[in-house]
>>> print(open('query_32.cif').read())   # mmCIF, C-alpha atoms
data_my_file
loop_
_atom_site.group_PDB
_atom_site.id
_atom_site.type_symbol
_atom_site.label_atom_id
_atom_site.label_comp_id
_atom_site.auth_asym_id
_atom_site.auth_seq_id
_atom_site.Cartn_x
_atom_site.Cartn_y
_atom_site.Cartn_z
ATOM 1 C CA MET A 1 18.948 -206.024 -46.165
ATOM 2 C CA THR A 2 18.822 -205.150 -42.481
ATOM 3 C CA ARG A 3 17.305 -201.798 -41.633
ATOM 4 C CA SER A 4 19.212 -199.469 -39.339
ATOM 5 C CA ASP A 5 18.049 -198.561 -35.865
ATOM 6 C CA GLU A 6 17.777 -194.975 -37.041
ATOM 7 C CA ALA A 7 15.334 -196.030 -39.764
ATOM 8 C CA ARG A 8 13.356 -198.074 -37.247
ATOM 9 C CA LEU A 9 13.123 -195.106 -34.874
ATOM 10 C CA ARG A 10 11.820 -192.942 -37.699
ATOM 11 C CA ASP A 11 9.308 -195.683 -38.595
ATOM 12 C CA ILE A 12 8.140 -195.816 -34.964
ATOM 13 C CA ILE A 13 7.422 -192.092 -35.047
ATOM 14 C CA ASP A 14 5.617 -192.436 -38.393
ATOM 15 C CA SER A 15 3.529 -195.378 -37.137
ATOM 16 C CA ALA A 16 2.668 -193.450 -33.980
ATOM 17 C CA ALA A 17 1.432 -190.525 -36.077
ATOM 18 C CA MET A 18 -0.716 -192.817 -38.220
ATOM 19 C CA ALA A 19 -2.110 -194.569 -35.149
ATOM 20 C CA THR A 20 -3.163 -191.363 -33.464
ATOM 21 C CA ARG A 21 -4.805 -190.040 -36.641
ATOM 22 C CA VAL A 22 -7.504 -192.705 -36.429
ATOM 23 C CA ALA A 23 -8.465 -191.273 -33.048
ATOM 24 C CA ASP A 24 -8.786 -187.668 -34.215
ATOM 25 C CA GLU A 25 -12.571 -187.645 -34.112
ATOM 26 C CA GLY A 26 -12.869 -188.742 -30.495
ATOM 27 C CA GLU A 27 -13.486 -191.911 -28.535
ATOM 28 C CA GLU A 28 -17.089 -192.437 -29.582
ATOM 29 C CA ALA A 29 -16.194 -192.201 -33.271
ATOM 30 C CA PHE A 30 -13.123 -194.395 -32.792
ATOM 31 C CA CYS A 31 -15.006 -197.151 -30.993
ATOM 32 C CA GLY A 32 -18.049 -196.805 -33.250
ATOM 33 C CA ASP A 33 -16.243 -197.394 -36.547
ATOM 34 C CA TRP A 34 -15.109 -200.988 -36.987
ATOM 35 C CA LYS A 35 -12.286 -199.937 -39.344
ATOM 36 C CA ASN A 36 -10.403 -197.956 -36.702
ATOM 37 C CA LEU A 37 -9.420 -200.816 -34.414
ATOM 38 C CA PRO A 38 -7.532 -202.876 -37.017
ATOM 39 C CA VAL A 39 -5.710 -199.805 -38.320
ATOM 40 C CA ALA A 40 -4.631 -198.709 -34.851
ATOM 41 C CA ALA A 41 -3.712 -202.277 -33.853
ATOM 42 C CA LYS A 42 -1.558 -202.633 -36.981
ATOM 43 C CA MET A 43 0.339 -199.439 -36.195
ATOM 44 C CA ILE A 44 0.837 -200.547 -32.572
ATOM 45 C CA ALA A 45 2.099 -203.912 -33.838
ATOM 46 C CA ASP A 46 4.479 -202.173 -36.250
ATOM 47 C CA ILE A 47 5.884 -200.056 -33.420
ATOM 48 C CA GLY A 48 6.489 -203.194 -31.349
ATOM 49 C CA THR A 49 8.065 -205.016 -34.275
ATOM 50 C CA ASP A 50 10.492 -202.178 -34.887
ATOM 51 C CA ALA A 51 11.310 -202.063 -31.173
ATOM 52 C CA SER A 52 11.973 -205.815 -31.204
ATOM 53 C CA HIS A 53 14.540 -205.481 -33.960
ATOM 54 C CA MET A 54 16.586 -202.623 -32.532
ATOM 55 C CA SER A 55 19.918 -203.173 -30.830
ATOM 56 C CA ASP A 56 20.282 -203.197 -27.061
ATOM 57 C CA ALA A 57 22.498 -200.115 -27.348
ATOM 58 C CA THR A 58 19.738 -198.175 -29.082
ATOM 59 C CA LEU A 59 17.136 -199.288 -26.565
ATOM 60 C CA ALA A 60 19.484 -198.230 -23.751
ATOM 61 C CA ALA A 61 19.801 -194.769 -25.318
ATOM 62 C CA PHE A 62 16.124 -194.235 -24.459
ATOM 63 C CA PRO A 63 15.823 -195.630 -20.908
ATOM 64 C CA GLU A 64 12.593 -193.723 -20.295
ATOM 65 C CA VAL A 65 10.811 -195.745 -22.989
ATOM 66 C CA PRO A 66 9.118 -198.930 -21.709
ATOM 67 C CA TRP A 67 10.408 -201.134 -24.545
ATOM 68 C CA GLY A 68 9.295 -204.361 -22.861
ATOM 69 C CA LYS A 69 5.713 -203.121 -22.556
ATOM 70 C CA ILE A 70 5.769 -201.947 -26.170
ATOM 71 C CA ARG A 71 6.874 -205.384 -27.358
ATOM 72 C CA GLY A 72 4.274 -206.989 -25.083
ATOM 73 C CA MET A 73 1.492 -204.868 -26.541
ATOM 74 C CA ARG A 74 2.663 -205.856 -30.016
ATOM 75 C CA ASP A 75 2.418 -209.515 -29.064
ATOM 76 C CA PHE A 76 -1.039 -208.983 -27.607
ATOM 77 C CA VAL A 77 -2.570 -207.144 -30.575
ATOM 78 C CA THR A 78 -0.963 -209.608 -32.983
ATOM 79 C CA HIS A 79 -1.598 -212.940 -31.293
ATOM 80 C CA GLU A 80 -4.698 -212.181 -29.216
ATOM 81 C CA TYR A 81 -6.382 -209.976 -31.779
ATOM 82 C CA ARG A 82 -9.907 -211.238 -31.113
ATOM 83 C CA ASN A 83 -9.497 -210.300 -27.445
ATOM 84 C CA VAL A 84 -8.364 -206.736 -28.069
ATOM 85 C CA GLU A 85 -10.838 -204.274 -26.616
ATOM 86 C CA PRO A 86 -11.305 -200.935 -28.391
ATOM 87 C CA ASP A 87 -11.098 -199.038 -25.090
ATOM 88 C CA ILE A 88 -7.629 -200.510 -24.372
ATOM 89 C CA VAL A 89 -6.409 -199.450 -27.804
ATOM 90 C CA TRP A 90 -8.038 -196.045 -27.304
ATOM 91 C CA GLU A 91 -6.170 -195.588 -24.020
ATOM 92 C CA THR A 92 -2.918 -196.601 -25.726
ATOM 93 C CA LEU A 93 -3.530 -194.030 -28.468
ATOM 94 C CA GLN A 94 -4.323 -191.287 -25.981
ATOM 95 C CA THR A 95 -1.622 -191.939 -23.393
ATOM 96 C CA SER A 96 1.133 -194.381 -24.316
ATOM 97 C CA ILE A 97 1.704 -193.336 -27.924
ATOM 98 C CA PRO A 98 2.081 -189.604 -27.136
ATOM 99 C CA GLU A 99 4.424 -190.481 -24.242
ATOM 100 C CA LEU A 100 6.518 -192.591 -26.608
ATOM 101 C CA VAL A 101 6.737 -189.824 -29.195
ATOM 102 C CA GLU A 102 7.709 -187.308 -26.525
ATOM 103 C CA ALA A 103 10.396 -189.617 -25.122
ATOM 104 C CA LEU A 104 11.910 -190.212 -28.549
ATOM 105 C CA GLY A 105 11.871 -186.527 -29.415
ATOM 106 C CA GLU A 106 11.791 -184.978 -32.843
ATOM 107 C CA GLU A 107 15.220 -186.252 -33.857
ATOM 108 C CA PRO A 108 15.914 -189.566 -32.121
ATOM 109 C CA GLU A 109 18.687 -190.319 -34.608
ATOM 110 C CA ARG A 110 20.603 -187.340 -33.240
ATOM 111 C CA ARG A 111 20.556 -188.869 -29.773
ATOM 112 C CA LEU A 112 22.114 -192.023 -31.193
ATOM 113 C CA LYS A 113 24.805 -190.080 -33.020
ATOM 114 C CA THR A 114 25.624 -188.179 -29.839
ATOM 115 C CA ARG A 115 25.852 -191.473 -27.960
ATOM 116 C CA ASP A 116 28.071 -193.007 -30.635
ATOM 117 C CA SER A 117 30.419 -190.012 -30.727
ATOM 118 C CA GLY A 118 30.931 -190.190 -26.972
ATOM 119 C CA THR A 119 29.965 -186.553 -26.395
ATOM 120 C CA GLY A 120 26.999 -187.365 -24.152
ATOM 121 C CA LEU A 121 23.574 -185.791 -24.387
#
>>> encode(input="query_32.cif", output="structure tokens")
Amino acid sequence: MTRSDEARLRDIIDSAAMATRVADEGEEAFCGDWKNLPVAAKMIADIGTDASHMSDATLAAFPEVPWGKIRGMRDFVTHEYRNVEPDIVWETLQTSIPELVEALGEEPERRLKTRDSGTGL
């Protein structure tokens, strides 16, 4: 069964929350604990996977989100895993993930419904 774009958007927000939780104790703790990098990389990969499976119309509803970069980061952490540096993932957790969550908003599904109903934002 194919998952809806609305479900994927919700999953992106959930994955973003899980990814940032591993950074709660600061950069030194994040980089010093070998378990943090794979967890964060998995959440980043999940975000990119969900983005890759959403329709063009849904992606266009959020033009401020750099979907291409998100999918590129997913490819990098998945296929070049041994080359992933903790400081790059840390920067993603501190900057890119919060920007993504802010751009999507608390109810991204509502934005899609507004788009689909033709009432604008």
>>> atom_distance(input="query_32.cif", atom1="CA of Val22 (chain A)", atom2="CA of Met54 (chain A)")
26.3 Å
>>> residues_near_point(input="query_32.cif", point="(7.5, -187.7, -31.9)", cutoff="10 Å", atoms="all atoms listed in the file", output="ChimeraX atom specification")
/A:9-10,12-14,16-17,97-108
>>> write_last_selection(input="query_32.cif", atoms="C-alpha atoms", output="PDB file, in the coordinates of the input")
ATOM      1  CA  LEU A   9      13.123-195.106 -34.874  1.00  0.00           C
ATOM      2  CA  ARG A  10      11.820-192.942 -37.699  1.00  0.00           C
ATOM      3  CA  ILE A  12       8.140-195.816 -34.964  1.00  0.00           C
ATOM      4  CA  ILE A  13       7.422-192.092 -35.047  1.00  0.00           C
ATOM      5  CA  ASP A  14       5.617-192.436 -38.393  1.00  0.00           C
ATOM      6  CA  ALA A  16       2.668-193.450 -33.980  1.00  0.00           C
ATOM      7  CA  ALA A  17       1.432-190.525 -36.077  1.00  0.00           C
ATOM      8  CA  ILE A  97       1.704-193.336 -27.924  1.00  0.00           C
ATOM      9  CA  PRO A  98       2.081-189.604 -27.136  1.00  0.00           C
ATOM     10  CA  GLU A  99       4.424-190.481 -24.242  1.00  0.00           C
ATOM     11  CA  LEU A 100       6.518-192.591 -26.608  1.00  0.00           C
ATOM     12  CA  VAL A 101       6.737-189.824 -29.195  1.00  0.00           C
ATOM     13  CA  GLU A 102       7.709-187.308 -26.525  1.00  0.00           C
ATOM     14  CA  ALA A 103      10.396-189.617 -25.122  1.00  0.00           C
ATOM     15  CA  LEU A 104      11.910-190.212 -28.549  1.00  0.00           C
ATOM     16  CA  GLY A 105      11.871-186.527 -29.415  1.00  0.00           C
ATOM     17  CA  GLU A 106      11.791-184.978 -32.843  1.00  0.00           C
ATOM     18  CA  GLU A 107      15.220-186.252 -33.857  1.00  0.00           C
ATOM     19  CA  PRO A 108      15.914-189.566 -32.121  1.00  0.00           C
TER      20      PRO A 108
END
>>> resolve_selection(input="query_32.cif", expression="the PyMOL selection byres ((chain A and resi 44-50) around 8)", output="VMD selection string")
chain A and resid 8 to 9 11 to 12 15 to 16 19 40 to 43 51 to 54 70 to 75 77 to 78
>>> axis_aligned_box(input="query_32.cif", around="region 4-11 of chain A", padding_each_side="6 Å", output="JSON")
{"center_x": 14.3, "center_y": -196.2, "center_z": -37.3, "size_x": 21.9, "size_y": 18.5, "size_z": 16.9}
>>> atom_distance(input="query_32.cif", atom1="CA of Leu37 (chain A)", atom2="CA of Ser96 (chain A)")
16.0 Å
>>> atom_distance(input="query_32.cif", atom1="CA of Pro66 (chain A)", atom2="CA of Gln94 (chain A)")
16.0 Å
>>> closest_residue(input="query_32.cif", among="A:Glu91, A:Cys31, A:Lys69, A:Asp5", to="Asp56 (chain A)", atoms="all atoms listed in the file")
A:Asp5
>>> resolve_selection(input="query_32.cif", expression="the PyMOL selection byres ((chain A and resi 87) around 12)", output="list in words")
Ala23, Gly26, Glu27, Glu28, Ala29, Phe30, Cys31, Gly32, Asn36, Leu37, Ala40, Ala41, Asn83, Val84, Glu85, Pro86, Ile88, Val89, Trp90, Glu91, Thr92, Leu93, Gln94 and Thr95 of chain A
>>> closest_residue(input="query_32.cif", among="A:Leu112, A:Ala60, A:Val39, A:Val65", to="Thr20 (chain A)", atoms="all atoms listed in the file")
A:Val39
>>> residues_near_point(input="query_32.cif", point="(17.5, -189.1, -22.4)", cutoff="9 Å", atoms="all atoms listed in the file", output="PyMOL selection string")
chain A and resi 61-64+103-104+111+121
>>> build_atoms(input="query_32.cif", residues="region 72-89 of chain A", atoms="N, CA and C atoms", output="short mmCIF file (atom, residue, chain, number, x, y, z; two decimals), keeping the file's coordinate frame")
data_model
loop_
_atom_site.label_atom_id
_atom_site.label_comp_id
_atom_site.auth_asym_id
_atom_site.auth_seq_id
_atom_site.Cartn_x
_atom_site.Cartn_y
_atom_site.Cartn_z
N GLY A 72 5.38 -206.20 -25.61
CA GLY A 72 4.27 -206.99 -25.08
C GLY A 72 2.95 -206.62 -25.70
N MET A 73 2.73 -205.32 -25.90
CA MET A 73 1.49 -204.87 -26.54
C MET A 73 1.45 -205.35 -27.98
N ARG A 74 2.59 -205.34 -28.64
CA ARG A 74 2.66 -205.86 -30.02
C ARG A 74 2.26 -207.33 -30.05
N ASP A 75 2.77 -208.10 -29.12
CA ASP A 75 2.42 -209.52 -29.06
C ASP A 75 0.93 -209.70 -28.82
N PHE A 76 0.38 -208.87 -27.93
CA PHE A 76 -1.04 -208.98 -27.61
C PHE A 76 -1.92 -208.66 -28.81
N VAL A 77 -1.69 -207.52 -29.46
CA VAL A 77 -2.57 -207.14 -30.58
C VAL A 77 -2.37 -208.05 -31.78
N THR A 78 -1.21 -208.71 -31.86
CA THR A 78 -0.96 -209.61 -32.98
C THR A 78 -1.51 -211.00 -32.73
N HIS A 79 -1.25 -211.54 -31.56
CA HIS A 79 -1.60 -212.94 -31.29
C HIS A 79 -2.93 -213.13 -30.57
N GLU A 80 -3.42 -212.10 -29.93
CA GLU A 80 -4.70 -212.18 -29.22
C GLU A 80 -5.71 -211.21 -29.82
N TYR A 81 -5.63 -211.03 -31.12
CA TYR A 81 -6.38 -209.98 -31.78
C TYR A 81 -7.87 -210.00 -31.43
N ARG A 82 -8.46 -211.16 -31.38
CA ARG A 82 -9.91 -211.24 -31.11
C ARG A 82 -10.26 -210.80 -29.69
N ASN A 83 -9.27 -210.72 -28.83
CA ASN A 83 -9.50 -210.30 -27.44
C ASN A 83 -9.15 -208.84 -27.19
N VAL A 84 -8.75 -208.14 -28.22
CA VAL A 84 -8.36 -206.74 -28.07
C VAL A 84 -9.63 -205.89 -27.94
N GLU A 85 -9.69 -205.14 -26.86
CA GLU A 85 -10.84 -204.27 -26.62
C GLU A 85 -10.55 -202.87 -27.16
N PRO A 86 -11.52 -202.28 -27.85
CA PRO A 86 -11.30 -200.94 -28.39
C PRO A 86 -10.89 -199.91 -27.33
N ASP A 87 -11.43 -200.02 -26.12
CA ASP A 87 -11.10 -199.04 -25.09
C ASP A 87 -9.64 -199.15 -24.65
N ILE A 88 -9.05 -200.34 -24.71
CA ILE A 88 -7.63 -200.51 -24.37
C ILE A 88 -6.78 -199.86 -25.46
N VAL A 89 -7.14 -200.08 -26.70
CA VAL A 89 -6.41 -199.45 -27.80
C VAL A 89 -6.58 -197.94 -27.73
#
